[in-house]
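Visitor: coords-v1.cif is reproduced below (mmCIF, C-alpha atoms).
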data_query
loop_
_atom_site.label_atom_id
_atom_site.label_comp_id
_atom_site.auth_asym_id
_atom_site.auth_seq_id
_atom_site.Cartn_x
_atom_site.Cartn_y
_atom_site.Cartn_z
CA MET A 1 88.00 -30.60 17.29
CA ARG A 2 89.37 -33.96 18.44
CA LYS A 3 86.68 -34.38 21.09
CA TYR A 4 83.94 -33.92 18.50
CA LEU A 5 85.54 -36.53 16.26
CA SER A 6 85.60 -38.90 19.25
CA ALA A 7 81.95 -38.12 19.96
CA LEU A 8 81.08 -38.86 16.34
CA PHE A 9 83.09 -42.09 16.50
CA LEU A 10 81.16 -43.18 19.61
CA PHE A 11 77.87 -42.27 17.98
CA PHE A 12 78.48 -44.55 15.00
CA ILE A 13 79.89 -47.36 17.15
CA PHE A 14 76.77 -47.46 19.34
CA LEU A 15 74.46 -46.85 16.41
CA VAL A 16 75.76 -50.11 14.94
CA ILE A 17 75.60 -51.94 18.29
CA TYR A 18 72.07 -50.85 19.11
CA TYR A 19 70.72 -51.34 15.60
CA SER A 20 72.28 -54.79 15.16
CA GLY A 21 70.90 -55.94 18.51
CA SER A 22 67.52 -54.24 18.15
CA PHE A 23 64.29 -56.20 18.60
CA THR A 24 63.34 -58.74 15.95
CA LYS A 25 59.65 -58.70 16.94
CA ILE A 26 57.67 -56.11 18.88
CA PRO A 27 58.48 -56.92 22.55
CA PHE A 28 56.11 -57.07 25.48
CA ALA A 29 55.44 -54.21 27.97
CA ASP A 30 54.38 -50.79 26.52
CA CYS A 31 56.06 -51.35 23.16
CA VAL A 32 53.02 -52.39 21.14
CA GLY A 33 51.02 -49.41 22.41
CA PHE A 34 53.66 -46.98 21.15
CA VAL A 35 53.88 -48.71 17.77
CA LEU A 36 50.09 -48.72 17.47
CA ASP A 37 49.92 -44.96 18.04
CA ALA A 38 52.71 -44.44 15.52
CA GLU A 39 51.05 -46.65 12.91
CA LYS A 40 47.75 -44.80 13.29
CA GLY A 41 49.69 -41.66 12.37
CA LYS A 42 47.39 -39.36 14.31
CA PHE A 43 49.38 -36.70 16.14
CA MET A 44 48.92 -36.67 19.91
CA THR A 45 47.14 -33.54 21.09
CA THR A 46 47.27 -34.05 24.86
CA ALA A 47 50.24 -34.38 27.20
CA THR A 48 49.36 -36.71 30.08
CA ALA A 49 51.61 -38.97 32.13
CA THR A 50 51.19 -41.83 29.65
CA THR A 51 50.79 -40.18 26.23
CA HIS A 52 54.44 -39.00 26.04
CA PHE A 53 53.47 -36.19 23.70
CA LEU A 54 56.85 -35.29 22.19
CA TYR A 55 58.05 -38.88 21.80
CA ILE A 56 55.07 -40.24 19.88
CA ASN A 57 54.71 -37.11 17.74
CA THR A 58 58.40 -37.25 16.82
CA VAL A 59 57.97 -40.88 15.73
CA ILE A 60 54.94 -39.95 13.61
CA LEU A 61 56.88 -37.07 12.06
CA ILE A 62 59.74 -39.43 11.16
CA LYS A 63 57.22 -41.90 9.74
CA ASN A 64 55.61 -39.22 7.56
CA ILE A 65 58.93 -37.85 6.30
CA THR A 66 60.64 -41.18 5.59
CA GLY A 67 57.69 -43.34 4.58
CA LEU A 68 58.72 -45.98 7.13
CA ASN A 69 56.09 -47.96 9.02
CA GLY A 70 55.44 -47.37 12.72
CA ILE A 71 57.86 -50.09 13.80
CA GLU A 72 60.86 -48.88 11.80
CA ALA A 73 60.21 -45.19 12.51
CA SER A 74 60.18 -46.03 16.24
CA ARG A 75 63.35 -48.09 15.92
CA LEU A 76 65.11 -45.25 14.11
CA LEU A 77 64.30 -42.70 16.81
CA VAL A 78 65.16 -45.01 19.71
CA VAL A 79 68.47 -46.24 18.27
CA PHE A 80 69.52 -42.75 17.14
CA SER A 81 68.67 -41.28 20.56
CA GLY A 82 70.58 -44.04 22.32
CA ALA A 83 73.76 -43.51 20.29
CA ALA A 84 73.50 -39.73 20.60
CA THR A 85 73.12 -39.95 24.39
CA VAL A 86 76.36 -41.94 24.67
CA SER A 87 78.12 -39.18 22.72
CA VAL A 88 76.71 -36.51 25.04
CA ILE A 89 77.92 -38.51 28.06
CA TYR A 90 81.40 -38.52 26.53
CA LEU A 91 81.37 -34.76 25.87
CA THR A 92 80.08 -34.06 29.38
CA VAL A 93 82.76 -36.13 31.10
CA LYS A 94 85.38 -34.58 28.81
CA SER A 95 84.22 -31.14 29.92
CA ILE A 96 84.65 -32.15 33.58
CA THR A 97 87.86 -34.16 33.42
CA LYS A 98 89.67 -32.92 30.28
CA THR A 99 90.89 -36.52 29.97
CA GLU A 100 90.26 -38.60 26.85
CA TRP A 101 90.59 -42.14 28.18
CA VAL A 102 88.38 -41.39 31.16
CA SER A 103 85.69 -39.83 28.97
CA LEU A 104 85.68 -42.74 26.55
CA THR A 105 85.58 -45.26 29.39
CA ALA A 106 82.63 -43.54 31.09
CA ALA A 107 80.79 -43.40 27.76
CA PHE A 108 81.29 -47.11 27.10
CA VAL A 109 80.30 -47.99 30.67
CA PHE A 110 77.04 -46.08 30.29
CA GLY A 111 76.42 -47.28 26.73
CA PHE A 112 76.82 -50.89 27.88
CA SER A 113 74.82 -50.45 31.11
CA PHE A 114 71.94 -52.92 31.10
CA SER A 115 68.99 -50.57 31.58
CA PHE A 116 70.09 -48.12 28.90
CA TRP A 117 71.25 -50.76 26.42
CA ARG A 118 67.98 -52.66 26.78
CA ASN A 119 65.88 -49.56 26.20
CA ALA A 120 67.95 -48.58 23.18
CA GLU A 121 66.85 -51.83 21.55
CA ILE A 122 63.10 -51.86 22.22
CA VAL A 123 60.21 -49.55 21.36
CA GLU A 124 60.12 -47.33 24.43
CA VAL A 125 60.25 -43.65 25.34
CA TYR A 126 63.21 -43.80 27.67
CA THR A 127 66.23 -43.41 25.38
CA TYR A 128 64.65 -40.38 23.72
CA ASN A 129 64.01 -39.01 27.20
CA THR A 130 67.60 -39.62 28.34
CA LEU A 131 68.88 -37.68 25.33
CA TRP A 132 67.13 -34.52 26.52
CA ILE A 133 68.11 -35.15 30.13
CA SER A 134 71.75 -35.72 29.18
CA LEU A 135 71.72 -32.37 27.37
CA PHE A 136 70.28 -30.75 30.51
CA PHE A 137 73.14 -32.16 32.62
CA PHE A 138 75.65 -31.21 29.92
CA SER A 139 74.43 -27.59 30.05
CA MET A 140 74.74 -27.35 33.82
CA ILE A 141 78.26 -28.78 33.78
CA LYS A 142 79.37 -26.46 30.96
CA THR A 143 78.20 -23.61 33.18
CA PHE A 144 79.97 -24.85 36.31
CA ILE A 145 83.22 -25.99 34.70
CA GLU A 146 83.72 -23.62 31.77
CA ASN A 147 81.73 -20.65 33.12
CA LYS A 148 79.79 -20.36 29.85
CA LYS A 149 76.75 -18.44 30.99
CA GLN A 150 74.63 -19.08 27.89
CA TYR A 151 74.30 -22.68 29.05
CA ILE A 152 72.23 -21.46 32.01
CA VAL A 153 69.47 -20.73 29.50
CA TRP A 154 70.02 -24.00 27.64
CA ALA A 155 69.56 -25.90 30.89
CA GLY A 156 66.08 -24.41 31.25
CA ILE A 157 65.25 -25.17 27.63
CA PHE A 158 66.35 -28.80 27.74
CA LEU A 159 64.64 -29.58 31.04
CA GLY A 160 61.46 -27.87 29.84
CA ILE A 161 61.45 -29.87 26.61
CA SER A 162 62.09 -33.10 28.52
CA LEU A 163 58.83 -32.65 30.42
CA TRP A 164 57.01 -33.01 27.10
CA VAL A 165 58.68 -36.39 26.67
CA HIS A 166 58.22 -37.79 30.19
CA ILE A 167 56.65 -36.05 33.17
CA GLN A 168 58.93 -37.97 35.56
CA ASN A 169 61.47 -35.24 34.86
CA ILE A 170 59.67 -32.94 37.31
CA LEU A 171 61.85 -34.78 39.84
CA LEU A 172 64.80 -32.82 38.44
CA ILE A 173 63.19 -29.44 39.13
CA PRO A 174 64.77 -29.15 42.62
CA ALA A 175 68.21 -29.67 41.05
CA PHE A 176 67.44 -27.06 38.39
CA LEU A 177 66.23 -24.47 40.91
CA LEU A 178 69.30 -25.01 43.07
CA PHE A 179 71.46 -24.62 39.97
CA LEU A 180 69.74 -21.31 39.17
CA LEU A 181 70.15 -20.17 42.77
CA TYR A 182 73.92 -20.54 42.49
CA PHE A 183 73.91 -18.32 39.40
CA LYS A 184 71.33 -15.78 40.52
CA ALA A 185 73.91 -13.00 40.14
CA GLU A 186 73.79 -13.58 36.37
CA LYS A 187 70.40 -11.90 36.20
CA LYS A 188 70.08 -11.87 32.40
CA TYR A 189 70.66 -15.62 32.11
CA PHE A 190 68.94 -16.48 35.38
CA TYR A 191 65.62 -14.90 34.46
CA SER A 192 65.78 -16.06 30.83
CA SER A 193 66.34 -19.66 31.89
CA LEU A 194 63.62 -19.58 34.53
CA LEU A 195 61.17 -17.91 32.15
CA VAL A 196 61.66 -20.36 29.28
CA PHE A 197 61.35 -23.31 31.66
CA VAL A 198 58.16 -21.98 33.25
CA LEU A 199 56.65 -21.32 29.81
CA LEU A 200 57.45 -24.84 28.59
CA PHE A 201 56.14 -26.40 31.81
CA ALA A 202 52.99 -24.25 31.95
CA SER A 203 52.23 -25.04 28.31
CA LEU A 204 51.56 -28.67 29.31
CA PHE A 205 48.68 -27.56 31.52
CA ILE A 206 47.41 -25.00 29.03
CA LEU A 207 47.32 -27.56 26.20
CA ASN A 208 45.41 -30.12 28.24
CA MET A 209 42.98 -27.73 29.89
CA SER A 210 42.16 -26.17 26.51
CA GLN A 211 40.84 -29.60 25.53
CA GLY A 212 38.76 -30.14 28.64
CA LEU A 213 41.24 -32.16 30.69
CA SER A 214 41.78 -31.49 34.39
CA PHE A 215 44.58 -29.36 35.81
CA LYS A 216 46.39 -32.43 37.14
CA SER A 217 46.25 -34.30 33.82
CA PRO A 218 49.94 -33.70 32.86
CA TYR A 219 51.09 -35.75 35.85
CA SER A 220 48.21 -38.23 36.21
CA SER A 221 46.66 -41.06 34.26
CA ASP A 222 43.43 -43.04 34.23
CA GLN A 223 45.34 -46.22 33.39
CA GLY A 224 46.53 -47.00 36.91
CA ASN A 225 46.98 -45.86 40.52
CA TRP A 226 50.71 -46.46 40.73
CA VAL A 227 51.52 -43.50 42.99
CA GLU A 228 48.83 -44.41 45.52
CA GLU A 229 49.96 -48.04 45.48
CA SER A 230 53.54 -46.92 46.12
CA PHE A 231 52.45 -45.60 49.53
CA SER A 232 50.50 -48.73 50.50
CA LYS A 233 53.31 -51.28 50.55
CA THR A 234 54.36 -53.21 53.63
CA SER A 235 57.53 -52.32 55.51
CA LEU A 236 59.18 -55.51 54.25
CA GLN A 237 58.39 -54.57 50.66
CA TYR A 238 60.02 -51.15 51.10
CA VAL A 239 63.15 -52.87 52.42
CA LYS A 240 63.15 -55.27 49.47
CA ASP A 241 62.71 -52.35 47.08
CA PHE A 242 65.70 -50.60 48.63
CA PHE A 243 68.02 -53.57 48.24
CA GLN A 244 66.68 -54.25 44.75
CA SER A 245 67.70 -50.73 43.74
CA PHE A 246 71.29 -51.56 44.73
CA ALA A 247 71.12 -54.73 42.66
CA TYR A 248 70.04 -52.61 39.67
CA LEU A 249 72.94 -50.21 40.28
CA ILE A 250 75.55 -52.95 40.46
CA TYR A 251 74.18 -54.81 37.45
CA ASN A 252 74.32 -51.60 35.43
CA PHE A 253 77.78 -50.46 36.51
CA ASN A 254 79.49 -53.68 37.71
CA LEU A 255 83.02 -52.99 39.06
CA PHE A 256 82.74 -49.35 37.92
CA THR A 257 80.17 -48.81 40.70
CA PHE A 258 83.13 -48.19 43.02
CA PHE A 259 84.38 -45.32 40.88
CA GLY A 260 80.90 -43.82 40.72
CA VAL A 261 80.77 -43.69 44.51
CA MET A 262 84.30 -42.29 44.74
CA GLY A 263 83.47 -39.71 42.07
CA ALA A 264 80.68 -38.36 44.28
CA VAL A 265 83.08 -38.18 47.23
CA PHE A 266 85.74 -36.35 45.20
CA LEU A 267 83.16 -33.92 43.78
CA TYR A 268 81.92 -33.11 47.28
CA LYS A 269 85.45 -32.20 48.29
CA SER A 270 86.29 -30.18 45.18
CA ASN A 271 83.07 -28.50 44.04
CA ARG A 272 80.32 -28.38 46.68
CA LYS A 273 77.89 -26.38 44.58
CA MET A 274 77.95 -28.79 41.65
CA PHE A 275 77.80 -31.72 44.07
CA PHE A 276 74.63 -30.45 45.75
CA VAL A 277 72.91 -29.79 42.42
CA PHE A 278 73.49 -33.33 41.21
CA PHE A 279 72.84 -34.77 44.66
CA ALA A 280 69.41 -33.11 44.67
CA GLY A 281 68.60 -34.67 41.31
CA SER A 282 69.95 -38.05 42.40
CA VAL A 283 67.98 -38.26 45.63
CA CYS A 284 64.67 -37.31 44.02
CA VAL A 285 65.00 -39.66 41.05
CA TYR A 286 66.53 -42.57 42.96
CA GLY A 287 64.00 -42.34 45.79
CA PHE A 288 61.01 -42.20 43.47
CA SER A 289 62.28 -45.00 41.24
CA THR A 290 63.09 -47.28 44.18
CA PHE A 291 59.59 -47.30 45.64
CA TYR A 292 57.42 -46.66 42.57
CA ALA A 293 54.87 -49.49 42.38
CA VAL A 294 55.30 -50.68 38.79
CA SER A 295 56.69 -54.01 37.63
CA ASP A 296 59.59 -52.72 35.51
CA ASN A 297 60.66 -49.83 37.73
CA TYR A 298 64.30 -50.19 36.59
CA VAL A 299 63.62 -47.85 33.66
CA PHE A 300 62.85 -44.94 35.97
CA PHE A 301 66.41 -44.98 37.30
CA LEU A 302 67.83 -43.90 33.92
CA PRO A 303 68.16 -40.16 34.72
CA PHE A 304 70.01 -41.15 37.91
CA ASN A 305 72.15 -43.59 35.90
CA ILE A 306 73.30 -40.70 33.72
CA ILE A 307 74.42 -38.80 36.82
CA PHE A 308 76.15 -41.90 38.13
CA ALA A 309 77.95 -42.44 34.80
CA LEU A 310 79.27 -38.87 35.01
CA SER A 311 80.40 -39.64 38.54
CA VAL A 312 82.19 -42.76 37.28
CA GLY A 313 84.14 -40.53 34.91
CA TYR A 314 84.94 -38.03 37.64
CA GLY A 315 86.09 -40.80 39.96
CA LEU A 316 88.34 -42.38 37.34
CA SER A 317 89.94 -39.00 36.61
CA HIS A 318 91.38 -38.70 40.11
CA PRO A 319 95.20 -38.82 40.07
CA LYS A 320 95.24 -41.83 42.41
CA TYR A 321 93.65 -43.92 39.64
CA ALA A 322 95.87 -42.71 36.80
CA ALA A 323 97.48 -46.15 36.48
CA LEU A 324 94.10 -47.59 35.47
CA LYS A 325 94.49 -46.02 32.05
CA LYS A 326 96.35 -49.14 30.91
CA VAL A 327 93.43 -51.42 31.82
CA SER A 328 90.51 -49.11 31.01
CA TRP A 329 89.78 -51.38 28.03
CA VAL A 330 88.09 -53.81 30.44
CA CYS A 331 84.91 -51.76 29.96
CA LEU A 332 84.68 -53.43 26.56
CA LEU A 333 84.22 -56.78 28.32
CA ILE A 334 80.95 -55.74 29.99
CA PRO A 335 78.84 -57.69 27.44
CA ILE A 336 80.72 -60.86 28.41
CA GLY A 337 79.67 -60.20 32.00
CA TYR A 338 76.02 -60.39 30.97
CA LEU A 339 76.61 -63.72 29.23
CA LEU A 340 78.41 -65.18 32.24
CA THR A 341 75.65 -63.99 34.58
CA TYR A 342 73.04 -65.53 32.31
CA LYS A 343 74.80 -68.89 32.27
CA ALA A 344 75.37 -68.84 36.03
CA VAL A 345 71.74 -68.02 36.88
CA PHE A 346 70.51 -70.63 34.42
CA GLN A 347 72.36 -73.29 36.41
CA THR A 348 70.34 -72.60 39.55
CA GLU A 349 66.94 -74.11 40.34
CA LYS A 350 65.44 -70.69 41.04
CA GLY A 351 66.84 -69.42 37.75
CA LYS A 352 65.29 -72.28 35.84
CA ALA A 353 61.95 -71.77 37.60
CA PHE A 354 61.99 -68.04 36.83
CA HIS A 355 62.90 -68.75 33.19
CA SER A 356 59.97 -71.15 32.91
CA PHE A 357 57.53 -68.71 34.54
CA LYS A 358 58.59 -65.82 32.28
CA LYS A 359 59.10 -67.97 29.18
CA TYR A 360 56.18 -66.34 27.38
CA LYS A 361 58.18 -63.13 26.92
CA GLY A 362 61.69 -64.56 26.76
CA GLY A 363 62.47 -65.72 30.28
CA LEU A 364 65.98 -65.04 31.55
CA ASP A 365 67.01 -63.83 28.10
CA TYR A 366 64.66 -60.88 28.53
CA TYR A 367 65.72 -60.06 32.08
CA ILE A 368 69.50 -60.60 31.96
CA LEU A 369 70.67 -60.02 28.38
CA PRO A 370 70.29 -56.44 27.05
CA TRP A 371 70.24 -57.30 23.36
CA MET A 372 66.91 -58.26 21.78
CA ASN A 373 67.76 -60.40 18.75
CA ASP A 374 65.24 -63.16 18.04
CA ASN A 375 63.04 -62.07 20.94
CA ALA A 376 59.54 -63.28 21.79
CA GLY A 377 56.89 -61.09 20.15
CA ILE A 378 53.61 -59.87 21.58
CA LEU A 379 51.82 -60.06 18.21
CA GLU A 380 52.65 -63.73 17.66
CA PHE A 381 51.70 -64.45 21.28
CA THR A 382 48.32 -62.77 20.78
CA ILE A 383 47.51 -64.32 17.40
CA ASP A 384 48.31 -67.82 18.69
CA LYS A 385 46.02 -67.17 21.68
CA LYS A 386 48.72 -68.12 24.13
CA THR A 387 48.24 -67.48 27.84
CA ALA A 388 50.60 -66.02 30.43
CA PRO A 389 50.89 -67.00 34.11
CA GLU A 390 50.34 -63.36 35.08
CA PRO A 391 47.95 -60.57 33.97
CA ILE A 392 48.99 -58.97 30.66
CA ASN A 393 45.57 -57.88 29.35
CA TRP A 394 46.76 -54.29 28.98
CA MET A 395 49.35 -55.53 26.46
CA THR A 396 47.17 -57.92 24.48
CA LEU A 397 44.38 -55.36 24.09
CA SER A 398 46.76 -53.01 22.26
CA ALA A 399 48.18 -55.96 20.34
CA MET A 400 44.73 -57.00 19.13
CA GLU A 401 43.96 -53.47 17.98
CA TYR A 402 47.29 -53.28 16.15
CA ILE A 403 46.71 -56.68 14.53
CA GLU A 404 43.34 -55.52 13.20
CA LEU A 405 44.91 -52.33 11.88
CA LEU A 406 47.59 -54.32 10.04
CA LYS A 407 44.98 -56.70 8.60
CA SER A 408 43.08 -53.70 7.24
CA LYS A 409 46.30 -52.78 5.41
CA GLY A 410 46.53 -56.17 3.77
CA TYR A 411 48.85 -58.07 6.13
CA THR A 412 48.18 -61.77 6.73
CA GLU A 413 48.43 -63.33 10.17
CA GLU A 414 51.63 -65.14 9.20
CA GLU A 415 53.19 -61.85 8.12
CA ILE A 416 52.04 -60.15 11.33
CA LYS A 417 53.59 -62.89 13.48
CA LYS A 418 57.00 -61.88 12.11
CA LEU A 419 56.61 -58.27 13.23
#
Translate the structure of the given file into structure tokens.

Guide:
Amino acid sequence: MRKYLSALFLFFIFLVIYYSGSFTKIPFADCVGFVLDAEKGKFMTTATATTHFLYINTVILIKNITGLNGIEASRLLVVFSGAATVSVIYLTVKSITKTEWVSLTAAFVFGFSFSFWRNAEIVEVYTYNTLWISLFFFSMIKTFIENKKQYIVWAGIFLGISLWVHIQNILLIPAFLLFLLYFKAEKKYFYSSLLVFVLLFASLFILNMSQGLSFKSPYSSDQGNWVEESFSKTSLQYVKDFFQSFAYLIYNFNLFTFFGVMGAVFLYKSNRKMFFVFFAGSVCVYGFSTFYAVSDNYVFFLPFNIIFALSVGYGLSHPKYAALKKVSWVCLLIPIGYLLTYKAVFQTEKGKAFHSFKKYKGGLDYYILPWMNDNAGILEFTIDKKTAPEPINWMTLSAMEYIELLKSKGYTEEEIKKL
């Protein structure tokens, strides 16, 4: 019972943190497109790589039930999913380590990690996606650690559902199949899990093809050729991508990166089967995210970051680090680390130049600080006919459509600028 009270405590703590730091105005990137779809209120009927079927339809459902507008319905789902994911991380680590301080520390480390914190405070699909993925990992660990066979089936359900949120989760299929292989002797649960997953996955193709879309539509898009471009980089760019991925990892997990690495080492020594399942998922997600040719590729590391957060917990739980219990509270200082980094970078000439170049969407504030209070808004940018030093037409087109929709509902331009 105590662990569930702790999970509830964490949920409310992060609900307050994420809500209080949530965006003031609709941010740049894909945010305005999601809000536009939500405001239209027309349920998505196809599941392609960019429609995010389950996410947008859940937002619309919340909007219809609560009477909130598209912005607030989106905020509610994103913030709620973010806080709930932190609680699942806590419960998962608690299942592995049976240690309260370690579980709480790992949960705070993940909850304060830059990539997750940032996405819990903007209008994006990723926190909702991580909720389903965290439940998938939770189910596998409950099976390994507590030998609760019913979670074999839940693993298939949660991974299958996650594909309806974001198709990137196909990268976790190798980990899932390896997991099932280790429990193939449990025929009842093995076949049930595999069947429910296949049905959920196949339904994506059936839905799209029934509406005239191609077979490959669930994992493709007509909005870009990002996969093809990922294979056409120079050797130097691949090297830069690799080192950039390490920078992301360290910025997300700071000094706790060490314990994440050690956790993987300890798991390899103590539970090879569980290690190889999570290693398979890590390699696929990390490799794809590192070289994927999109500007904000940091968001694609989030499923890996969940695994790494669990590894942080496992590493901390090792007897050789027991003395760290007295200083585990340092995880609460992670936000101060972001502020110090921001101030340090701002003192450099390159930092100032970068801030000036990216000023249109917040500059260094946007790239270094995870909270989004008083952020630059895409609607105000578009109404004022401002220009950016880089192509953002794909954002402003959605913004213009959303502005016209709001005007048709009686909003003035001054009111829209505040959204």

Visitor: Excluding same-chain residues fewer than 5 positions from segment 400-404 of chain A, what lies within 12 Å of it counting all atoms listed in the file, as JSON, numbers by chain?

Guide: {"A": [26, 31, 32, 33, 34, 35, 36, 37, 38, 39, 40, 70, 71, 378, 379, 380, 381, 382, 383, 384, 385, 393, 394, 395, 409, 410, 411, 412, 413, 414, 415, 416, 417, 418, 419]}

Visitor: Store the residues picked out above, limited to C-alpha atoms, as a JSON list (two decimals), in the coordinates of the input.

Guide:
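Once written, result-v9.json looks like this:
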[["chain", "number", "residue", "atom", "x", "y", "z"],
["A", 26, "ILE", "CA", 57.67, -56.11, 18.88],
["A", 31, "CYS", "CA", 56.06, -51.35, 23.16],
["A", 32, "VAL", "CA", 53.02, -52.39, 21.14],
["A", 33, "GLY", "CA", 51.02, -49.41, 22.41],
["A", 34, "PHE", "CA", 53.66, -46.98, 21.15],
["A", 35, "VAL", "CA", 53.88, -48.71, 17.77],
["A", 36, "LEU", "CA", 50.09, -48.72, 17.47],
["A", 37, "ASP", "CA", 49.92, -44.96, 18.04],
["A", 38, "ALA", "CA", 52.71, -44.44, 15.52],
["A", 39, "GLU", "CA", 51.05, -46.65, 12.91],
["A", 40, "LYS", "CA", 47.75, -44.80, 13.29],
["A", 70, "GLY", "CA", 55.44, -47.37, 12.72],
["A", 71, "ILE", "CA", 57.86, -50.09, 13.80],
["A", 378, "ILE", "CA", 53.61, -59.87, 21.58],
["A", 379, "LEU", "CA", 51.82, -60.06, 18.21],
["A", 380, "GLU", "CA", 52.65, -63.73, 17.66],
["A", 381, "PHE", "CA", 51.70, -64.45, 21.28],
["A", 382, "THR", "CA", 48.32, -62.77, 20.78],
["A", 383, "ILE", "CA", 47.51, -64.32, 17.40],
["A", 384, "ASP", "CA", 48.31, -67.82, 18.69],
["A", 385, "LYS", "CA", 46.02, -67.17, 21.68],
["A", 393, "ASN", "CA", 45.57, -57.88, 29.35],
["A", 394, "TRP", "CA", 46.76, -54.29, 28.98],
["A", 395, "MET", "CA", 49.35, -55.53, 26.46],
["A", 409, "LYS", "CA", 46.30, -52.78, 5.41],
["A", 410, "GLY", "CA", 46.53, -56.17, 3.77],
["A", 411, "TYR", "CA", 48.85, -58.07, 6.13],
["A", 412, "THR", "CA", 48.18, -61.77, 6.73],
["A", 413, "GLU", "CA", 48.43, -63.33, 10.17],
["A", 414, "GLU", "CA", 51.63, -65.14, 9.20],
["A", 415, "GLU", "CA", 53.19, -61.85, 8.12],
["A", 416, "ILE", "CA", 52.04, -60.15, 11.33],
["A", 417, "LYS", "CA", 53.59, -62.89, 13.48],
["A", 418, "LYS", "CA", 57.00, -61.88, 12.11],
["A", 419, "LEU", "CA", 56.61, -58.27, 13.23]]

Visitor: Find the residues near Leu316 of chain A: any atom within 9 Å, counting all atoms listed in the file, skip ones fewer than 6 places away on the same chain, and give them as a list in words.

Guide: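 Counting only the stated atoms, we get Val102, Thr105, Ala106, Phe256, Phe259, Gly260, Met262, Gly263, Ala322, Leu324 and Lys325 of chain A.
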
Visitor: Please report the interatomic distance between atom CA of His318 of chain A and atom CA of Leu267 of chain A in Å with one decimal.

Guide: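 Here the two named atoms are 10.2 Å from each other.
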
Visitor: As an exercise, work out the distance from atom CA of Gly287 of chain A to atom CA of Phe304 of chain A in Å and give it to one decimal place.

Guide: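 Distance reported for this atom pair: 10.0 Å.
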
Visitor: Fewer than 4 positions away in the same chain doesn't count, so skip those; otherwise give me all residues within 7 Å of segment 272-283 of chain A, counting all atoms listed in the file, as a ChimeraX atom specification.

Guide: /A:144,171-172,174-175,178-179,267-268,287,304

Visitor: Assuming the chain letters and numbering stay as they are in my file, what does the PyMOL selection byres ((chain A and resi 129) around 10) actually select? List them as a count of residues only.

Guide: 28

Visitor: Between A:Phe43, A:Phe11, A:Tyr321, A:Phe158, which one has atoms that come closest to Trp101 of chain A, using all atoms listed in the file?

Guide: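 Closest residue, counting all atoms listed in the file: A:Tyr321.
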
Visitor: Just to confirm, what's the straight-line distance from atom CA of Phe291 of chain A to atom CA of Phe242 of chain A in Å (one decimal)?

Guide: 7.6 Å

Visitor: At a cut-off of 10 Å, using all atoms listed in the file, what residues contact Ile62 of chain A? Leave out same-chain residues fewer than 6 positions from it and give the result as a list in words.

Guide: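 The residues that qualify are Ala38, Ile56, Leu68, Asn69, Gly70, Glu72, Ala73, Ser74, Leu76 and Leu77 of chain A.
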
Visitor: Please determine, counting only C-alpha atoms, which residue among A:Ala323, A:Leu255, A:Ile170, A:Ile306 has the shortest atom-to-atom distance to Cys284 of chain A.

Guide: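 For Cys284 of chain A, the nearest of the candidates is A:Ile170.
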